[in-house]
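Visitor: Pasting a structure below so you can have a look.
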Amino acid sequence: QVQPVESGGGSVKSGGSLRLSCATSTNIFSFSHMAWYRQAPGKERELVARMTAGGSTDYGDSVKGRFSISRDRSTNTVNLQLNNLEPPDTAVYSCRLVVAPGYEYWGQGTQVTVYS
């Protein structure tokens with residue numbers, strides 16, 4: 001079952017941290033790339049972070065230096081560490097796993113709320 005399931009969201013005060021996880025029963029190293037996106041109310045979905053099969057990463061400009069994407073083969077998870085959170089980071093965060101072009105899977109999302 002490839003379907004990813006996110007967890008780890010919640011409410012946190014500005015400056016705080018959260019760690020999101022995206023779990024799948026498939027070998028996490030079998031994906032061509034993995035990514036986290038977010039969507040705030042009334043806004044378009046935006047890329048937060050992504051990682052290729054080879055381990056290369058890149059981040060959205062607004063989260064560089066604060067967020068970090070990683071993967072764990074022992075648990076088949078893609079993780080997103082969110083540090084120094086700010087109210088504009090409030091959004092639903094979703095995981096996207098890509099096997100090949102046209103073969104991708106999205107999770108249901110997890111809510112992150114940052115209050116000042």
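Identifiers for the structure tokens are assigned positionally: chains receive A, B, ... in sequence, residues are indexed from 1 per chain, and ligands are indexed from 1 in the order shown.
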Would you pick out the contacts of Arg73 in chain A at 10 Å or less, using only C-alpha atoms, so that residues sharing its chain but fewer than 3 positions from it are not included, and give the list as an NGL selection string?
Guide: :A and (26-29 or 76-78)
Visitor: Could you tell me, as a ChimeraX atom specification, which residues of range 3-103 of chain A DSSP assigns to helix (DSSP H, G or I) when given the backbone?
Guide: /A:28-30,87-89
Visitor: Applying 10 Å and only C-alpha atoms, which residues near range 4-12 of chain A remain after dropping the ones on its own chain fewer than 4 positions away? List them as an mmCIF file with all heavy atoms, in the first residue's frame.
Guide:
data_model
loop_
_atom_site.group_PDB
_atom_site.id
_atom_site.type_symbol
_atom_site.label_atom_id
_atom_site.label_comp_id
_atom_site.auth_asym_id
_atom_site.auth_seq_id
_atom_site.Cartn_x
_atom_site.Cartn_y
_atom_site.Cartn_z
ATOM 1 N N GLY A 16 8.102 28.103 17.945
ATOM 2 C CA GLY A 16 8.163 26.695 18.314
ATOM 3 C C GLY A 16 8.495 25.787 17.150
ATOM 4 O O GLY A 16 8.756 26.252 16.027
ATOM 5 N N SER A 17 8.480 24.486 17.425
ATOM 6 C CA SER A 17 8.856 23.480 16.431
ATOM 7 C C SER A 17 7.839 22.357 16.380
ATOM 8 O O SER A 17 7.141 22.084 17.360
ATOM 9 C CB SER A 17 10.227 22.886 16.774
ATOM 10 O OG SER A 17 11.236 23.867 16.757
ATOM 11 N N LEU A 18 7.780 21.714 15.227
ATOM 12 C CA LEU A 18 6.998 20.506 15.038
ATOM 13 C C LEU A 18 7.772 19.583 14.119
ATOM 14 O O LEU A 18 8.622 20.042 13.343
ATOM 15 C CB LEU A 18 5.636 20.811 14.404
ATOM 16 C CG LEU A 18 4.563 21.454 15.272
ATOM 17 C CD1 LEU A 18 3.354 21.831 14.407
ATOM 18 C CD2 LEU A 18 4.116 20.519 16.390
ATOM 19 N N ARG A 19 7.438 18.302 14.193
ATOM 20 C CA ARG A 19 8.036 17.338 13.275
ATOM 21 C C ARG A 19 6.903 16.561 12.630
ATOM 22 O O ARG A 19 6.139 15.879 13.320
ATOM 23 C CB ARG A 19 8.971 16.386 14.015
ATOM 24 C CG ARG A 19 9.711 15.415 13.108
ATOM 25 C CD ARG A 19 10.721 14.612 13.905
ATOM 26 N NE ARG A 19 11.424 13.610 13.138
ATOM 27 C CZ ARG A 19 12.487 13.847 12.382
ATOM 28 N NH1 ARG A 19 12.964 15.075 12.286
ATOM 29 N NH2 ARG A 19 13.090 12.864 11.716
ATOM 30 N N LEU A 20 6.792 16.671 11.324
ATOM 31 C CA LEU A 20 5.767 15.969 10.570
ATOM 32 C C LEU A 20 6.354 14.693 9.977
ATOM 33 O O LEU A 20 7.523 14.674 9.592
ATOM 34 C CB LEU A 20 5.225 16.850 9.437
ATOM 35 C CG LEU A 20 4.734 18.243 9.818
ATOM 36 C CD1 LEU A 20 4.166 18.936 8.591
ATOM 37 C CD2 LEU A 20 3.727 18.189 10.940
ATOM 38 N N SER A 21 5.535 13.673 9.900
ATOM 39 C CA SER A 21 5.958 12.418 9.285
ATOM 40 C C SER A 21 4.965 11.982 8.228
ATOM 41 O O SER A 21 3.761 12.185 8.381
ATOM 42 C CB SER A 21 6.080 11.317 10.343
ATOM 43 O OG SER A 21 7.180 11.541 11.186
ATOM 44 N N CYS A 22 5.487 11.384 7.189
ATOM 45 C CA CYS A 22 4.677 10.837 6.102
ATOM 46 C C CYS A 22 5.058 9.369 5.985
ATOM 47 O O CYS A 22 6.184 9.057 5.604
ATOM 48 C CB CYS A 22 4.976 11.582 4.815
ATOM 49 S SG CYS A 22 4.257 10.842 3.337
ATOM 50 N N ALA A 23 4.138 8.497 6.338
ATOM 51 C CA ALA A 23 4.443 7.072 6.388
ATOM 52 C C ALA A 23 3.815 6.322 5.221
ATOM 53 O O ALA A 23 2.698 6.625 4.801
ATOM 54 C CB ALA A 23 3.942 6.481 7.704
ATOM 55 N N THR A 24 4.548 5.355 4.723
ATOM 56 C CA THR A 24 4.041 4.478 3.681
ATOM 57 C C THR A 24 4.555 3.070 3.946
ATOM 58 O O THR A 24 5.583 2.904 4.597
ATOM 59 C CB THR A 24 4.483 4.955 2.282
ATOM 60 O OG1 THR A 24 4.014 4.023 1.303
ATOM 61 C CG2 THR A 24 5.994 5.067 2.184
ATOM 62 N N SER A 25 3.831 2.085 3.447
ATOM 63 C CA SER A 25 4.267 0.709 3.651
ATOM 64 C C SER A 25 5.253 0.268 2.570
ATOM 65 O O SER A 25 5.784 -0.836 2.627
ATOM 66 C CB SER A 25 3.058 -0.233 3.674
ATOM 67 O OG SER A 25 2.344 -0.138 2.461
ATOM 68 N N THR A 26 5.489 1.137 1.603
ATOM 69 C CA THR A 26 6.423 0.854 0.515
ATOM 70 C C THR A 26 7.814 1.359 0.868
ATOM 71 O O THR A 26 7.946 2.366 1.562
ATOM 72 C CB THR A 26 5.936 1.530 -0.781
ATOM 73 O OG1 THR A 26 4.630 1.063 -1.087
ATOM 74 C CG2 THR A 26 6.861 1.233 -1.949
ATOM 75 N N ASN A 76 10.225 3.745 6.828
ATOM 76 C CA ASN A 76 9.599 4.142 5.559
ATOM 77 C C ASN A 76 8.803 5.432 5.710
ATOM 78 O O ASN A 76 7.608 5.500 5.380
ATOM 79 C CB ASN A 76 8.726 3.029 4.997
ATOM 80 C CG ASN A 76 9.549 1.898 4.417
ATOM 81 O OD1 ASN A 76 10.613 2.133 3.854
ATOM 82 N ND2 ASN A 76 9.063 0.677 4.572
ATOM 83 N N THR A 77 9.483 6.426 6.239
ATOM 84 C CA THR A 77 8.835 7.716 6.417
ATOM 85 C C THR A 77 9.662 8.827 5.759
ATOM 86 O O THR A 77 10.894 8.735 5.649
ATOM 87 C CB THR A 77 8.658 8.070 7.901
ATOM 88 O OG1 THR A 77 9.928 8.028 8.545
ATOM 89 C CG2 THR A 77 7.694 7.104 8.586
ATOM 90 N N VAL A 78 8.953 9.860 5.366
ATOM 91 C CA VAL A 78 9.565 11.115 4.946
ATOM 92 C C VAL A 78 9.180 12.134 6.004
ATOM 93 O O VAL A 78 7.986 12.312 6.279
ATOM 94 C CB VAL A 78 9.051 11.587 3.570
ATOM 95 C CG1 VAL A 78 9.728 12.893 3.183
ATOM 96 C CG2 VAL A 78 9.294 10.524 2.526
ATOM 97 N N ASN A 79 10.159 12.759 6.583
ATOM 98 C CA ASN A 79 9.905 13.651 7.705
ATOM 99 C C ASN A 79 10.178 15.097 7.333
ATOM 100 O O ASN A 79 11.005 15.396 6.471
ATOM 101 C CB ASN A 79 10.792 13.243 8.886
ATOM 102 C CG ASN A 79 10.566 11.804 9.285
ATOM 103 O OD1 ASN A 79 9.437 11.403 9.571
ATOM 104 N ND2 ASN A 79 11.613 10.995 9.280
ATOM 105 N N LEU A 80 9.481 15.975 8.011
ATOM 106 C CA LEU A 80 9.692 17.410 7.817
ATOM 107 C C LEU A 80 9.816 18.041 9.188
ATOM 108 O O LEU A 80 8.857 18.057 9.959
ATOM 109 C CB LEU A 80 8.536 18.036 7.032
ATOM 110 C CG LEU A 80 8.726 19.502 6.669
ATOM 111 C CD1 LEU A 80 9.851 19.647 5.631
ATOM 112 C CD2 LEU A 80 7.425 20.090 6.118
ATOM 113 N N GLN A 81 11.008 18.534 9.486
ATOM 114 C CA GLN A 81 11.255 19.238 10.744
ATOM 115 C C GLN A 81 10.971 20.717 10.529
ATOM 116 O O GLN A 81 11.567 21.339 9.643
ATOM 117 C CB GLN A 81 12.712 19.030 11.183
ATOM 118 C CG GLN A 81 13.060 19.731 12.470
ATOM 119 C CD GLN A 81 12.357 19.148 13.680
ATOM 120 O OE1 GLN A 81 12.164 17.949 13.781
ATOM 121 N NE2 GLN A 81 11.948 20.019 14.584
ATOM 122 N N LEU A 85 8.810 28.355 13.892
ATOM 123 C CA LEU A 85 7.541 28.528 13.185
ATOM 124 C C LEU A 85 6.971 29.928 13.397
ATOM 125 O O LEU A 85 7.157 30.549 14.462
ATOM 126 C CB LEU A 85 6.539 27.477 13.648
ATOM 127 C CG LEU A 85 6.777 26.087 13.051
ATOM 128 C CD1 LEU A 85 6.108 25.008 13.898
ATOM 129 C CD2 LEU A 85 6.261 26.035 11.621
ATOM 130 N N GLU A 86 6.270 30.376 12.370
ATOM 131 C CA GLU A 86 5.655 31.709 12.374
ATOM 132 C C GLU A 86 4.189 31.556 11.988
ATOM 133 O O GLU A 86 3.830 30.602 11.293
ATOM 134 C CB GLU A 86 6.379 32.604 11.360
ATOM 135 C CG GLU A 86 7.877 32.709 11.558
ATOM 136 C CD GLU A 86 8.593 33.290 10.348
ATOM 137 O OE1 GLU A 86 7.934 33.450 9.278
ATOM 138 O OE2 GLU A 86 9.803 33.577 10.464
ATOM 139 N N PRO A 87 3.335 32.500 12.389
ATOM 140 C CA PRO A 87 1.910 32.386 12.016
ATOM 141 C C PRO A 87 1.668 32.181 10.520
ATOM 142 O O PRO A 87 0.751 31.422 10.165
ATOM 143 C CB PRO A 87 1.339 33.704 12.524
ATOM 144 C CG PRO A 87 2.161 33.998 13.740
ATOM 145 C CD PRO A 87 3.570 33.581 13.357
ATOM 146 N N THR A 90 1.019 28.648 9.114
ATOM 147 C CA THR A 90 -0.235 27.944 9.343
ATOM 148 C C THR A 90 -0.828 27.463 8.024
ATOM 149 O O THR A 90 -1.043 28.248 7.100
ATOM 150 C CB THR A 90 -1.237 28.862 10.063
ATOM 151 O OG1 THR A 90 -0.731 29.174 11.364
ATOM 152 C CG2 THR A 90 -2.597 28.202 10.183
ATOM 153 N N ALA A 91 -1.079 26.155 7.933
ATOM 154 C CA ALA A 91 -1.580 25.557 6.694
ATOM 155 C C ALA A 91 -1.826 24.070 6.915
ATOM 156 O O ALA A 91 -1.442 23.519 7.958
ATOM 157 C CB ALA A 91 -0.575 25.740 5.567
ATOM 158 N N VAL A 92 -2.426 23.452 5.919
ATOM 159 C CA VAL A 92 -2.493 21.992 5.876
ATOM 160 C C VAL A 92 -1.270 21.528 5.086
ATOM 161 O O VAL A 92 -1.055 21.958 3.950
ATOM 162 C CB VAL A 92 -3.788 21.503 5.203
ATOM 163 C CG1 VAL A 92 -3.757 19.984 5.048
ATOM 164 C CG2 VAL A 92 -4.992 21.930 6.017
ATOM 165 N N TYR A 93 -0.504 20.642 5.688
ATOM 166 C CA TYR A 93 0.721 20.140 5.077
ATOM 167 C C TYR A 93 0.450 18.734 4.542
ATOM 168 O O TYR A 93 -0.042 17.865 5.274
ATOM 169 C CB TYR A 93 1.844 20.104 6.102
ATOM 170 C CG TYR A 93 2.392 21.466 6.427
ATOM 171 C CD1 TYR A 93 1.630 22.390 7.135
ATOM 172 C CD2 TYR A 93 3.671 21.851 6.009
ATOM 173 C CE1 TYR A 93 2.121 23.660 7.414
ATOM 174 C CE2 TYR A 93 4.182 23.107 6.286
ATOM 175 C CZ TYR A 93 3.392 24.007 6.992
ATOM 176 O OH TYR A 93 3.891 25.263 7.255
ATOM 177 N N SER A 94 0.808 18.532 3.279
ATOM 178 C CA SER A 94 0.539 17.251 2.621
ATOM 179 C C SER A 94 1.811 16.671 2.034
ATOM 180 O O SER A 94 2.691 17.401 1.567
ATOM 181 C CB SER A 94 -0.494 17.420 1.503
ATOM 182 O OG SER A 94 -1.719 17.912 1.996
ATOM 183 N N CYS A 95 1.841 15.374 2.012
ATOM 184 C CA CYS A 95 2.984 14.636 1.499
ATOM 185 C C CYS A 95 2.668 14.120 0.087
ATOM 186 O O CYS A 95 1.540 13.673 -0.163
ATOM 187 C CB CYS A 95 3.261 13.477 2.445
ATOM 188 S SG CYS A 95 4.495 12.308 1.912
ATOM 189 N N ARG A 96 3.643 14.182 -0.782
ATOM 190 C CA ARG A 96 3.502 13.669 -2.157
ATOM 191 C C ARG A 96 4.663 12.726 -2.436
ATOM 192 O O ARG A 96 5.818 13.102 -2.277
ATOM 193 C CB ARG A 96 3.501 14.831 -3.148
ATOM 194 C CG ARG A 96 3.515 14.420 -4.622
ATOM 195 C CD ARG A 96 3.452 15.659 -5.481
ATOM 196 N NE ARG A 96 3.536 15.373 -6.909
ATOM 197 C CZ ARG A 96 4.529 15.796 -7.688
ATOM 198 N NH1 ARG A 96 5.504 16.520 -7.176
ATOM 199 N NH2 ARG A 96 4.528 15.517 -8.969
ATOM 200 N N LEU A 97 4.320 11.527 -2.835
ATOM 201 C CA LEU A 97 5.329 10.517 -3.175
ATOM 202 C C LEU A 97 5.205 10.188 -4.656
ATOM 203 O O LEU A 97 4.117 9.861 -5.120
ATOM 204 C CB LEU A 97 5.132 9.251 -2.330
ATOM 205 C CG LEU A 97 5.134 9.445 -0.815
ATOM 206 C CD1 LEU A 97 4.880 8.114 -0.118
ATOM 207 C CD2 LEU A 97 6.442 10.047 -0.350
ATOM 208 N N TYR A 105 1.321 9.760 -5.395
ATOM 209 C CA TYR A 105 0.377 9.528 -4.316
ATOM 210 C C TYR A 105 0.437 10.704 -3.345
ATOM 211 O O TYR A 105 1.526 11.157 -2.977
ATOM 212 C CB TYR A 105 0.714 8.227 -3.589
ATOM 213 C CG TYR A 105 0.728 7.028 -4.504
ATOM 214 C CD1 TYR A 105 1.870 6.689 -5.217
ATOM 215 C CD2 TYR A 105 -0.425 6.255 -4.677
ATOM 216 C CE1 TYR A 105 1.876 5.600 -6.076
ATOM 217 C CE2 TYR A 105 -0.417 5.157 -5.525
ATOM 218 C CZ TYR A 105 0.726 4.845 -6.228
ATOM 219 O OH TYR A 105 0.738 3.769 -7.075
ATOM 220 N N TRP A 106 -0.754 11.128 -2.935
ATOM 221 C CA TRP A 106 -0.869 12.230 -1.983
ATOM 222 C C TRP A 106 -1.509 11.725 -0.700
ATOM 223 O O TRP A 106 -2.441 10.913 -0.724
ATOM 224 C CB TRP A 106 -1.764 13.333 -2.562
ATOM 225 C CG TRP A 106 -1.139 14.145 -3.643
ATOM 226 C CD1 TRP A 106 -1.101 13.857 -4.976
ATOM 227 C CD2 TRP A 106 -0.467 15.397 -3.488
ATOM 228 N NE1 TRP A 106 -0.448 14.853 -5.654
ATOM 229 C CE2 TRP A 106 -0.056 15.818 -4.771
ATOM 230 C CE3 TRP A 106 -0.175 16.219 -2.389
ATOM 231 C CZ2 TRP A 106 0.636 17.010 -4.977
ATOM 232 C CZ3 TRP A 106 0.505 17.400 -2.611
ATOM 233 C CH2 TRP A 106 0.908 17.789 -3.886
ATOM 234 N N GLY A 107 -1.045 12.277 0.414
ATOM 235 C CA GLY A 107 -1.691 11.993 1.678
ATOM 236 C C GLY A 107 -2.860 12.930 1.892
ATOM 237 O O GLY A 107 -3.110 13.840 1.096
ATOM 238 N N GLN A 108 -3.567 12.718 2.985
ATOM 239 C CA GLN A 108 -4.751 13.534 3.296
ATOM 240 C C GLN A 108 -4.385 14.871 3.909
ATOM 241 O O GLN A 108 -5.189 15.797 3.905
ATOM 242 C CB GLN A 108 -5.664 12.765 4.259
ATOM 243 C CG GLN A 108 -6.322 11.549 3.617
ATOM 244 C CD GLN A 108 -7.215 11.930 2.464
ATOM 245 O OE1 GLN A 108 -8.068 12.800 2.582
ATOM 246 N NE2 GLN A 108 -7.018 11.289 1.327
ATOM 247 N N GLY A 109 -3.193 14.973 4.446
ATOM 248 C CA GLY A 109 -2.763 16.225 5.027
ATOM 249 C C GLY A 109 -2.867 16.251 6.541
ATOM 250 O O GLY A 109 -3.636 15.500 7.145
ATOM 251 N N THR A 110 -2.076 17.133 7.138
ATOM 252 C CA THR A 110 -2.110 17.339 8.582
ATOM 253 C C THR A 110 -2.058 18.839 8.853
ATOM 254 O O THR A 110 -1.307 19.580 8.204
ATOM 255 C CB THR A 110 -0.952 16.590 9.272
ATOM 256 O OG1 THR A 110 -1.073 16.704 10.682
ATOM 257 C CG2 THR A 110 0.424 17.108 8.841
ATOM 258 N N GLN A 111 -2.866 19.289 9.779
ATOM 259 C CA GLN A 111 -2.991 20.720 10.053
ATOM 260 C C GLN A 111 -1.881 21.206 10.975
ATOM 261 O O GLN A 111 -1.613 20.598 12.020
ATOM 262 C CB GLN A 111 -4.354 21.015 10.690
ATOM 263 C CG GLN A 111 -4.553 22.465 11.109
ATOM 264 C CD GLN A 111 -4.722 23.387 9.919
ATOM 265 O OE1 GLN A 111 -5.442 23.079 8.973
ATOM 266 N NE2 GLN A 111 -4.051 24.538 9.956
ATOM 267 N N VAL A 112 -1.262 22.303 10.571
ATOM 268 C CA VAL A 112 -0.290 23.000 11.415
ATOM 269 C C VAL A 112 -0.835 24.401 11.665
ATOM 270 O O VAL A 112 -1.150 25.126 10.720
ATOM 271 C CB VAL A 112 1.091 23.086 10.746
ATOM 272 C CG1 VAL A 112 2.009 24.003 11.539
ATOM 273 C CG2 VAL A 112 1.707 21.701 10.618
ATOM 274 N N THR A 113 -0.964 24.757 12.927
ATOM 275 C CA THR A 113 -1.446 26.078 13.314
ATOM 276 C C THR A 113 -0.419 26.734 14.216
ATOM 277 O O THR A 113 -0.003 26.151 15.215
ATOM 278 C CB THR A 113 -2.791 25.976 14.041
ATOM 279 O OG1 THR A 113 -3.744 25.324 13.204
ATOM 280 C CG2 THR A 113 -3.309 27.365 14.409
ATOM 281 N N VAL A 114 -0.007 27.925 13.837
ATOM 282 C CA VAL A 114 0.973 28.671 14.618
ATOM 283 C C VAL A 114 0.306 29.941 15.121
ATOM 284 O O VAL A 114 -0.216 30.726 14.329
ATOM 285 C CB VAL A 114 2.216 29.020 13.780
ATOM 286 C CG1 VAL A 114 3.274 29.684 14.660
ATOM 287 C CG2 VAL A 114 2.788 27.770 13.117
ATOM 288 N N TYR A 115 0.331 30.156 16.437
ATOM 289 C CA TYR A 115 -0.301 31.338 17.020
ATOM 290 C C TYR A 115 0.773 32.232 17.644
ATOM 291 O O TYR A 115 1.812 31.767 18.093
ATOM 292 C CB TYR A 115 -1.377 30.944 18.024
ATOM 293 C CG TYR A 115 -0.897 30.062 19.151
ATOM 294 C CD1 TYR A 115 -0.469 30.621 20.347
ATOM 295 C CD2 TYR A 115 -0.884 28.678 19.023
ATOM 296 C CE1 TYR A 115 -0.036 29.833 21.386
ATOM 297 C CE2 TYR A 115 -0.444 27.870 20.056
ATOM 298 C CZ TYR A 115 -0.021 28.449 21.238
ATOM 299 O OH TYR A 115 0.423 27.656 22.256
ATOM 300 N N SER A 116 0.472 33.507 17.661
ATOM 301 C CA SER A 116 1.452 34.480 18.191
ATOM 302 C C SER A 116 1.203 34.769 19.660
ATOM 303 O O SER A 116 0.190 34.358 20.234
ATOM 304 C CB SER A 116 1.367 35.768 17.388
ATOM 305 O OG SER A 116 0.052 36.285 17.410
#
Visitor: Skipping near chain neighbours, those fewer than 5 positions away, what residues fall within 10 Å of Met51 in chain A using only C-alpha atoms, listed as JSON, numbers by chain?
Guide: {"A": [31, 32, 33, 34, 35, 36, 56, 57, 58, 59, 69, 70, 71, 78, 97]}
Visitor: Using CA of Val48 in chain A and CA of Asn84 in chain A as the two end points, give the distance in Å to one decimal.
Guide: 14.7 Å
Visitor: From the DSSP assignment of the backbone, select every residue of chain A that is strand (DSSP E or B), and format the answer as a PyMOL selection string.
Guide: chain A and resi 5-7+10-13+18-23+33-39+46-52+57-59+67-72+77-82+91-100+103-106+110-115
